[in-house]
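> Pasting query-v9.cif here (mmCIF, C-alpha atoms and all ligand atoms):
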```cif
data_target
loop_
_atom_site.label_atom_id
_atom_site.label_comp_id
_atom_site.auth_asym_id
_atom_site.auth_seq_id
_atom_site.Cartn_x
_atom_site.Cartn_y
_atom_site.Cartn_z
CA MET D 14 0.00 0.00 0.00
CA VAL D 15 1.32 3.40 -0.99
CA ASN D 16 0.92 6.13 1.64
CA LEU D 17 -0.84 9.16 0.13
CA SER D 18 -1.46 10.99 3.38
CA VAL D 19 0.18 14.42 3.81
CA ASN D 20 0.27 16.95 6.62
CA LEU D 21 -0.28 20.69 6.28
CA SER D 22 0.75 22.37 9.54
CA GLY D 23 -1.09 19.82 11.68
CA LEU D 24 -3.99 19.25 9.28
CA THR D 25 -3.77 15.69 7.96
CA LEU D 26 -5.12 15.07 4.45
CA SER D 27 -5.80 11.54 3.21
CA ASN D 28 -4.19 12.60 -0.08
CA PRO D 29 -2.66 15.82 -1.46
CA ILE D 30 -5.42 16.61 -3.99
CA ILE D 31 -7.41 19.81 -3.36
CA PRO D 32 -9.72 21.57 -5.85
CA ALA D 33 -8.65 25.24 -6.08
CA SER D 34 -10.59 28.34 -5.08
CA GLY D 35 -13.10 29.65 -7.62
CA CYS D 36 -13.21 26.41 -9.62
CA PHE D 37 -15.24 24.25 -7.24
CA GLY D 38 -17.78 26.63 -5.67
CA TYR D 39 -18.66 25.19 -2.24
CA GLY D 40 -18.41 21.65 -3.59
CA LYS D 41 -22.16 21.01 -3.83
CA GLU D 42 -22.46 20.71 -7.62
CA PHE D 43 -19.44 18.38 -7.74
CA SER D 44 -20.88 16.23 -4.93
CA GLU D 45 -23.63 15.35 -7.40
CA TYR D 46 -21.02 13.82 -9.74
CA TYR D 47 -19.00 11.85 -7.15
CA ASP D 48 -18.51 11.46 -3.40
CA ILE D 49 -16.20 14.41 -2.78
CA ASN D 50 -15.15 12.97 0.61
CA ILE D 51 -12.34 11.25 -1.34
CA LEU D 52 -10.62 14.66 -1.71
CA GLY D 53 -7.78 15.65 0.61
CA SER D 54 -9.79 18.83 1.16
CA PHE D 55 -11.30 21.51 -1.07
CA CYS D 56 -10.85 25.25 -1.23
CA MET D 57 -13.96 27.43 -1.16
CA LYS D 58 -14.56 30.38 -3.52
CA GLY D 59 -12.79 33.56 -2.33
CA THR D 60 -14.78 35.41 0.33
CA THR D 61 -14.78 39.15 1.08
CA LYS D 62 -16.36 41.07 3.96
CA GLU D 63 -19.31 42.31 1.88
CA PRO D 64 -21.11 40.44 -0.94
CA ARG D 65 -19.69 41.20 -4.41
CA PHE D 66 -21.36 40.90 -7.79
CA GLY D 67 -18.01 40.76 -9.56
CA ASN D 68 -16.99 42.31 -12.88
CA GLU D 69 -19.04 42.96 -15.98
CA THR D 70 -19.40 40.20 -18.60
CA PRO D 71 -17.85 38.82 -20.76
CA ARG D 72 -15.50 37.68 -18.03
CA ILE D 73 -14.29 34.36 -19.42
CA ALA D 74 -12.14 33.97 -22.56
CA GLU D 75 -10.66 30.87 -24.13
CA SER D 76 -6.99 30.43 -24.93
CA SER D 77 -4.72 27.62 -26.21
CA SER D 78 -4.29 25.15 -23.34
CA GLY D 79 -5.86 27.54 -20.89
CA MET D 80 -8.50 30.13 -20.08
CA LEU D 81 -8.74 33.71 -18.92
CA ASN D 82 -11.12 34.89 -16.20
CA SER D 83 -11.98 38.29 -14.81
CA VAL D 84 -14.75 37.13 -12.47
CA GLY D 85 -13.72 39.80 -9.95
CA LEU D 86 -14.32 37.86 -6.73
CA GLN D 87 -18.08 37.43 -7.04
CA ASN D 88 -19.19 36.02 -3.67
CA PRO D 89 -22.03 36.28 -1.14
CA GLY D 90 -19.87 37.82 1.63
CA ILE D 91 -18.41 36.35 4.83
CA GLU D 92 -21.63 36.45 6.86
CA HIS D 93 -23.51 34.31 4.32
CA VAL D 94 -20.57 31.92 4.01
CA VAL D 95 -20.43 31.44 7.80
CA GLN D 96 -24.19 31.29 8.39
CA GLN D 97 -25.15 29.22 5.35
CA GLU D 98 -22.47 27.70 3.10
CA LEU D 99 -20.23 26.32 5.86
CA LYS D 100 -23.28 24.78 7.56
CA GLU D 101 -24.66 23.26 4.34
CA ILE D 102 -21.26 21.80 3.39
CA ARG D 103 -21.49 19.45 6.40
CA ALA D 104 -24.29 17.53 4.63
CA TYR D 105 -22.04 16.37 1.77
CA TYR D 106 -18.45 16.86 3.01
CA SER D 107 -17.29 15.53 6.38
CA LYS D 108 -13.68 16.79 6.38
CA PRO D 109 -12.37 20.30 7.11
CA VAL D 110 -12.35 22.69 4.14
CA ILE D 111 -9.98 25.51 3.20
CA ALA D 112 -11.49 28.99 3.46
CA ASN D 113 -10.08 31.43 0.88
CA ILE D 114 -10.19 35.05 2.04
CA SER D 115 -9.79 38.22 -0.01
CA GLY D 116 -9.83 41.86 0.96
CA PHE D 117 -9.22 45.38 -0.26
CA SER D 118 -7.79 46.63 3.05
CA VAL D 119 -5.88 45.04 5.93
CA GLU D 120 -8.94 45.57 8.13
CA GLU D 121 -11.13 43.59 5.70
CA TYR D 122 -8.79 40.59 5.71
CA GLU D 123 -8.59 40.72 9.48
CA TYR D 124 -12.39 40.96 9.84
CA CYS D 125 -13.03 37.90 7.65
CA VAL D 126 -10.37 35.76 9.35
CA ARG D 127 -11.68 36.75 12.78
CA ARG D 128 -15.21 35.79 11.66
CA LEU D 129 -13.97 32.24 10.90
CA ARG D 130 -12.78 31.64 14.46
CA GLY D 131 -14.27 28.62 16.19
CA ILE D 132 -15.71 27.05 13.01
CA ASP D 133 -14.56 23.45 13.18
CA ASN D 134 -15.10 22.50 9.53
CA VAL D 135 -12.58 25.13 8.44
CA GLY D 136 -9.19 23.41 8.69
CA LEU D 137 -6.98 26.02 7.11
CA ILE D 138 -7.21 29.63 5.98
CA GLU D 139 -5.89 30.61 2.56
CA VAL D 140 -5.29 34.33 2.29
CA ASN D 141 -5.40 35.52 -1.30
CA ILE D 142 -3.24 38.64 -1.54
CA SER D 143 -3.77 39.24 -5.26
CA CYS D 144 -6.43 41.91 -4.64
CA PRO D 145 -5.72 45.61 -5.12
CA ASN D 146 -5.08 47.58 -1.92
CA VAL D 147 -7.66 50.37 -2.23
CA GLU D 148 -6.10 52.29 0.66
CA GLN D 149 -2.80 52.57 -1.18
CA GLY D 150 -3.60 53.34 -4.80
CA GLY D 151 -4.77 49.91 -5.95
CA MET D 152 -1.43 48.10 -6.08
CA SER D 153 -1.93 44.44 -5.26
CA PHE D 154 -1.03 43.42 -1.69
CA GLY D 155 0.85 40.51 -3.20
CA THR D 156 3.28 42.55 -5.29
CA ASP D 157 4.99 44.39 -2.42
CA PRO D 158 6.79 42.46 0.35
CA GLU D 159 5.94 45.16 2.92
CA MET D 160 2.21 45.03 2.17
CA ALA D 161 2.25 41.21 2.08
CA ALA D 162 3.94 41.21 5.48
CA LYS D 163 1.39 43.65 6.90
CA VAL D 164 -1.61 41.52 5.84
CA THR D 165 0.06 38.33 7.08
CA LYS D 166 0.85 39.81 10.48
CA ALA D 167 -2.72 41.09 10.92
CA VAL D 168 -4.44 37.82 10.01
CA VAL D 169 -2.05 35.50 11.85
CA LYS D 170 -2.80 37.48 15.02
CA VAL D 171 -6.56 36.78 14.86
CA ALA D 172 -6.62 33.33 13.18
CA ASP D 173 -7.23 30.14 15.16
CA LYS D 174 -6.17 27.95 12.17
CA PRO D 175 -2.97 27.75 10.12
CA VAL D 176 -2.72 30.66 7.68
CA TYR D 177 -1.43 29.93 4.17
CA VAL D 178 -0.80 32.97 1.99
CA LYS D 179 -1.67 32.60 -1.70
CA LEU D 180 0.74 34.46 -3.95
CA THR D 181 0.40 36.09 -7.33
CA PRO D 182 2.92 35.14 -10.05
CA ASN D 183 2.78 38.70 -11.42
CA VAL D 184 5.99 39.78 -9.70
CA THR D 185 9.70 39.75 -10.52
CA ASP D 186 10.72 37.64 -7.53
CA ILE D 187 8.01 35.57 -5.83
CA THR D 188 10.46 34.34 -3.15
CA GLU D 189 10.84 37.86 -1.74
CA ILE D 190 7.09 38.05 -1.09
CA ALA D 191 7.02 34.53 0.38
CA LYS D 192 9.89 35.30 2.74
CA ALA D 193 8.05 38.41 3.97
CA CYS D 194 4.95 36.28 4.74
CA GLU D 195 7.03 33.55 6.42
CA SER D 196 8.73 36.10 8.66
CA GLU D 197 5.34 37.39 9.87
CA GLY D 198 4.11 33.94 10.89
CA ALA D 199 2.45 32.42 7.81
CA SER D 200 2.17 28.64 8.27
CA GLY D 201 2.47 27.97 4.53
CA ILE D 202 2.47 29.42 1.01
CA CYS D 203 0.09 28.68 -1.89
CA ALA D 204 1.44 29.37 -5.35
CA ILE D 205 0.34 30.41 -7.87
CA ASN D 206 -2.73 32.48 -8.66
CA THR D 207 -3.46 33.41 -12.30
CA LEU D 208 -1.10 35.25 -14.67
CA SER D 209 -2.16 38.68 -15.93
CA ALA D 210 -3.27 38.28 -19.57
CA MET D 211 -5.63 39.47 -22.33
CA ARG D 212 -7.29 38.50 -25.66
CA ILE D 213 -8.59 40.65 -28.53
CA ASP D 214 -11.68 39.90 -30.62
CA ILE D 215 -10.34 40.55 -34.17
CA LYS D 216 -13.80 41.11 -35.67
CA LYS D 217 -14.78 43.71 -33.06
CA GLN D 218 -11.19 44.94 -32.79
CA LYS D 219 -11.73 45.12 -29.04
CA PRO D 220 -10.56 43.22 -25.96
CA VAL D 221 -12.63 40.07 -25.38
CA LEU D 222 -12.99 40.67 -21.65
CA ALA D 223 -15.13 43.61 -20.47
CA ASN D 224 -12.42 44.17 -17.86
CA ILE D 225 -9.81 44.22 -20.72
CA THR D 226 -7.38 42.03 -18.76
CA GLY D 227 -7.93 38.83 -16.82
CA GLY D 228 -6.01 35.96 -15.28
CA LEU D 229 -4.61 33.08 -17.32
CA SER D 230 -4.89 29.59 -15.83
CA GLY D 231 -4.93 25.97 -17.02
CA PRO D 232 -2.24 23.71 -18.54
CA ALA D 233 -0.56 26.68 -20.30
CA VAL D 234 0.70 27.99 -16.93
CA PHE D 235 1.96 24.68 -15.49
CA PRO D 236 5.69 25.13 -16.27
CA VAL D 237 5.58 28.67 -14.84
CA ALA D 238 3.92 27.48 -11.63
CA LEU D 239 6.38 24.59 -11.37
CA ARG D 240 9.35 26.95 -11.72
CA MET D 241 7.98 29.22 -8.99
CA VAL D 242 7.30 26.34 -6.57
CA TYR D 243 10.85 25.10 -7.20
CA GLN D 244 12.26 28.57 -6.40
CA LEU D 245 10.08 28.89 -3.29
CA TYR D 246 11.17 25.51 -1.90
CA LYS D 247 14.78 26.70 -1.99
CA GLU D 248 14.06 29.89 -0.07
CA ILE D 249 11.40 29.09 2.57
CA LYS D 250 10.97 26.44 5.27
CA ILE D 251 7.15 26.44 5.54
CA PRO D 252 5.05 24.04 3.40
CA ILE D 253 3.97 24.96 -0.12
CA ILE D 254 0.69 24.11 -1.84
CA GLY D 255 1.48 23.97 -5.57
CA ILE D 256 -1.19 25.38 -7.89
CA GLY D 257 -1.29 26.16 -11.60
CA GLY D 258 -2.11 24.16 -14.69
CA ILE D 259 -2.26 20.70 -13.17
CA SER D 260 -4.18 18.44 -15.55
CA LYS D 261 -2.87 14.92 -14.94
CA VAL D 262 -1.32 12.63 -12.34
CA GLU D 263 2.21 13.19 -13.68
CA ASP D 264 1.80 16.95 -13.11
CA VAL D 265 0.97 16.30 -9.43
CA ILE D 266 4.15 14.29 -9.06
CA GLU D 267 6.26 16.94 -10.82
CA MET D 268 4.78 19.67 -8.63
CA MET D 269 5.56 17.70 -5.47
CA MET D 270 9.09 16.92 -6.69
CA ALA D 271 9.55 20.69 -7.17
CA GLY D 272 8.66 21.16 -3.49
CA ALA D 273 4.88 21.12 -2.96
CA THR D 274 3.48 19.18 0.01
CA ALA D 275 -0.01 19.26 -1.56
CA VAL D 276 -1.52 20.57 -4.79
CA GLN D 277 -4.61 22.39 -5.92
CA ILE D 278 -6.38 21.81 -9.21
CA GLY D 279 -8.44 24.68 -10.61
CA SER D 280 -9.45 25.15 -14.24
CA LEU D 281 -9.37 21.46 -15.11
CA ASN D 282 -12.47 20.95 -12.92
CA LEU D 283 -14.32 23.15 -15.40
CA VAL D 284 -13.20 20.94 -18.31
CA ASP D 285 -13.59 17.57 -16.59
CA PRO D 286 -15.60 17.51 -13.33
CA TYR D 287 -14.09 14.10 -12.50
CA ILE D 288 -10.45 15.23 -12.81
CA CYS D 289 -9.66 15.17 -9.06
CA LYS D 290 -11.28 11.75 -8.63
CA THR D 291 -9.36 10.36 -11.63
CA ILE D 292 -6.04 11.68 -10.31
CA ILE D 293 -6.66 10.33 -6.78
CA ASN D 294 -7.40 6.90 -8.27
CA GLN D 295 -4.27 6.99 -10.46
CA LEU D 296 -1.81 8.24 -7.82
CA PRO D 297 -1.04 4.92 -6.03
CA GLY D 298 -0.35 3.06 -9.31
CA MET D 299 1.82 5.89 -10.65
CA LEU D 300 3.88 6.02 -7.43
CA GLU D 301 4.25 2.23 -7.39
CA GLN D 302 5.59 2.39 -10.96
CA LEU D 303 8.20 4.89 -9.72
CA GLY D 304 9.08 2.63 -6.77
CA ILE D 305 7.74 5.09 -4.17
CA ASP D 306 5.89 3.73 -1.10
CA ASP D 307 5.20 7.08 0.59
CA ILE D 308 4.21 10.22 -1.31
CA ASN D 309 6.02 12.41 1.25
CA LYS D 310 9.31 11.02 -0.04
CA ILE D 311 8.91 12.86 -3.36
CA VAL D 312 8.41 16.33 -1.83
CA GLY D 313 11.35 18.42 -3.02
CA ALA D 314 12.99 15.36 -4.63
CA ALA D 315 14.16 17.43 -7.61
CA HIS D 316 16.39 19.45 -5.26
CA ARG D 317 18.33 16.50 -3.93
C1 LIG D 401 -12.94 31.06 -12.76
C2 LIG D 401 -11.85 31.19 -11.74
C3 LIG D 401 -12.11 31.80 -10.51
C4 LIG D 401 -11.10 31.91 -9.55
N1 LIG D 401 -11.38 32.48 -8.33
C5 LIG D 401 -10.40 32.55 -7.38
C6 LIG D 401 -10.70 33.09 -6.08
O1 LIG D 401 -11.82 33.47 -5.76
N2 LIG D 401 -9.67 33.16 -5.17
C7 LIG D 401 -8.39 32.72 -5.48
O2 LIG D 401 -7.50 32.78 -4.62
N3 LIG D 401 -8.11 32.18 -6.69
C8 LIG D 401 -9.08 32.09 -7.63
N4 LIG D 401 -8.79 31.54 -8.86
C9 LIG D 401 -7.41 31.05 -9.13
C10 LIG D 401 -7.30 29.54 -8.92
O3 LIG D 401 -7.64 29.16 -7.60
C11 LIG D 401 -5.89 29.04 -9.28
O4 LIG D 401 -4.95 29.66 -8.42
C12 LIG D 401 -5.49 29.36 -10.72
O5 LIG D 401 -6.60 29.21 -11.59
C13 LIG D 401 -4.35 28.46 -11.22
O6 LIG D 401 -4.70 27.09 -11.14
P1 LIG D 401 -5.27 26.26 -12.42
O7 LIG D 401 -4.34 26.53 -13.56
O8 LIG D 401 -5.30 24.85 -11.97
O9 LIG D 401 -6.65 26.81 -12.69
C14 LIG D 401 -9.79 31.42 -9.83
C15 LIG D 401 -9.54 30.80 -11.08
C16 LIG D 401 -10.54 30.69 -12.02
C17 LIG D 401 -10.24 30.00 -13.34
#
```
Take the structure from the file and write it as C-alpha cells.


Amino acid sequence: MVNLSVNLSGLTLSNPIIPASGCFGYGKEFSEYYDINILGSFCMKGTTKEPRFGNETPRIAESSSGMLNSVGLQNPGIEHVVQQELKEIRAYYSKPVIANISGFSVEEYEYCVRRLRGIDNVGLIEVNISCPNVEQGGMSFGTDPEMAAKVTKAVVKVADKPVYVKLTPNVTDITEIAKACESEGASGICAINTLSAMRIDIKKQKPVLANITGGLSGPAVFPVALRMVYQLYKEIKIPIIGIGGISKVEDVIEMMMAGATAVQIGSLNLVDPYICKTIINQLPGMLEQLGIDDINKIVGAAHR
C-alpha cells in the first residue's frame, strides 16, 4: 500500500489533492457527480467582507491550453458563508475545508479571518493577496513584500487555524514576497494564482474581456507554476501548496518533486468535473511504478 497521506501544519489530508478556489464553488455541484469525501480537502470560492457581484461580462475567454477569467471575486460575503455555506457543506463533506479570504484593506482581511474563528469544519485559511489595496492606490497586496507582510501579520494574530498565503505570479521575484509572509508567521504558502493576460476579438477589434485584462490559468501555466514552486522551496521552510495548470497525475508528481506538500487543481475541474477523482485513483499506481511507497518522499525530490 502506498501512503498518500500528507500533513499541512497539523492538518492531515488523506491525499494531497485539493480543488482550487473559484473552480469548485462550495463543492455542492461536484458532490452530485462523485462522493467528494475522497478529496484531501477543497478550497472554497474567495470570500470578502461584503457580498460582491463581480466584474461585468464577458468575463471568461478561451486560450490555447488555458483560459482567462476576470470574475472579480463574485461572492455572497463572509456572513452568508459562515451562516449558510459552511453549515450546508457538512451535509455532503465531512472533512475540514480551506477557506479562501480576499480583501481590499488590511482591516477587511482581518475581519473575515476573525469571523472564521471557532468554526470546526474550516481546517486552514488561505489568504489571497492578489487583490488591489484600495487604501494605497490599488497596487496588489501581493506585489509588495511590505504590504504582504502587513496583511500576514494582521491575520495570523486573529486566526485560530494555520494561515497559508496565496501568492500572485505577477511579480519579478516571488520568493521575496514569500519570505516576507514567512517572517510574519504564515504557516504555509500557496502558489500560484493566475497570470495577468488578455485576448482581442479581431472582428470587433476590441478586448474580449469587459475588464480588458484577466487571469490566465490551465495547462498553459503549469511550467511557470512549477518553476515558482521550485524557487520557493529553496528559499522558505514552511510548506507549499502547488497550484497552476495541473491536468494529470504526472503533473501532481512533478509539482511535489519541485517542493509542494499538496496541490490544488483549478481550471481542469471546469473541463472535466471528474479530474480530481481520476487523479486520486491513479496516484497509487503511478507512485508504485516509480518505486515510491510514501508520497512524502517525493516532496522536493528534484532538489536533492
Ligand atoms: C474562474 C476562476 C475563478 C477563480 N477564483 C479565485 C478566487 O476566488 N480566489 C483565489 O484565490 N483564486 C481564484 N482563482 C485562481 C485559482 O484558484 C488558481 O490559483 C489558478 O486558476 C491556477 O490554477 P489552475 O491553472 O489549476 O486553474 C480562480 C480561477 C478561475 C479560473

> Counting all atoms listed in the file, what is within 12 Å of Ala315 (chain D), bar same-chain residues fewer than 5 positions away, as number ranges by chain?

D: 239-240, 242-244, 246-247, 266-273, 310

> Throw together the list of residues within 8 Å of ligand LIG 401 (chain D), counting only C-alpha atoms and all ligand atoms, and drop it here as an MDAnalysis selection string.

chainID D and resid 33:36 57:60 73 79:87 113:115 139:143 179 204:207 228:235 256:260 277:281

> For each of D:Tyr47, D:Phe66, D:Tyr124, D:Phe117, take the minimum atom-to-atom distance to Cys144 (chain D), counting all atoms listed in the file, then give the residue where this is smallest.

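Checking each of D:Tyr47, D:Phe66, D:Tyr124, D:Phe117 against Cys144 (chain D), counting all atoms listed in the file, the winner is D:Phe117.
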
> Go ahead and compute the interatomic distance for CA of Ile213 (chain D) and CA of Gly227 (chain D), in Å to one decimal.

11.9 Å

> Closest to Ile202 (chain D) among D:Leu21, D:Ile49, D:Val184, D:Ala112, using only C-alpha atoms?

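Result for the nearest residue to Ile202 (chain D): D:Leu21.
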
> State, in Å with one decimal place, the distance from CA of Val147 (chain D) to CA of Glu121 (chain D).

11.0 Å

> Grab the CA of Lys192 (chain D) to CA of Phe154 (chain D) distance for me, in Å with one decimal place.

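A separation of 14.3 Å between them.
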
> Looking at D:Val95, D:Ile51, D:Ala223, D:Val168, which one is nearest to Glu197 (chain D), with distances taken over all atoms listed in the file?

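Closest to Glu197 (chain D) of all the choices is D:Val168.
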
> Name the closest residue to Gly53 (chain D) among the candidates D:Glu75, D:Ile292, D:Arg103, D:Cys203; distances are taken between atoms, counting all atoms listed in the file.

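Counting all atoms listed in the file, the residue closest to Gly53 (chain D) is D:Ile292.
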
> Distance cut-off 10 Å, centre (10.0, 27.6, 5.3) in file coordinates, counting only C-alpha atoms: which residues qualify? Return them as a PyMOL selection string.

chain D and resi 191-192+195-196+199-202+245-253

> Hey, what's within 7 Å of region 305-307 of chain D if we count all atoms listed in the file and toss same-chain stuff fewer than 4 positions away? As a VMD selection string, please?

chain D and resid 15 to 17 300 to 301

> Given the choices D:Ile187, D:Ile225, D:Cys194, D:Leu208, which gets closest to Met241 (chain D) if the distance is worked out from all atoms listed in the file?

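With all atoms listed in the file as the atom set, the closest residue is D:Ile187.
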
> I'd like the neighbourhood of Gly131 (chain D) as a ChimeraX atom specification, where a residue qualifies if any of its atoms comes within 10 Å (using all atoms listed in the file), though same-chain residues fewer than 6 positions away should be ignored.

/D:172-174

> Residues of the last selection are to be written out with C-alpha atoms, as a PDB file, keeping the file's coordinate frame.


```pdb
ATOM      1  CA  ALA D 172      -6.620  33.330  13.180  1.00  0.00           C
ATOM      2  CA  ASP D 173      -7.230  30.140  15.160  1.00  0.00           C
ATOM      3  CA  LYS D 174      -6.170  27.950  12.170  1.00  0.00           C
TER       4      LYS D 174
END
```
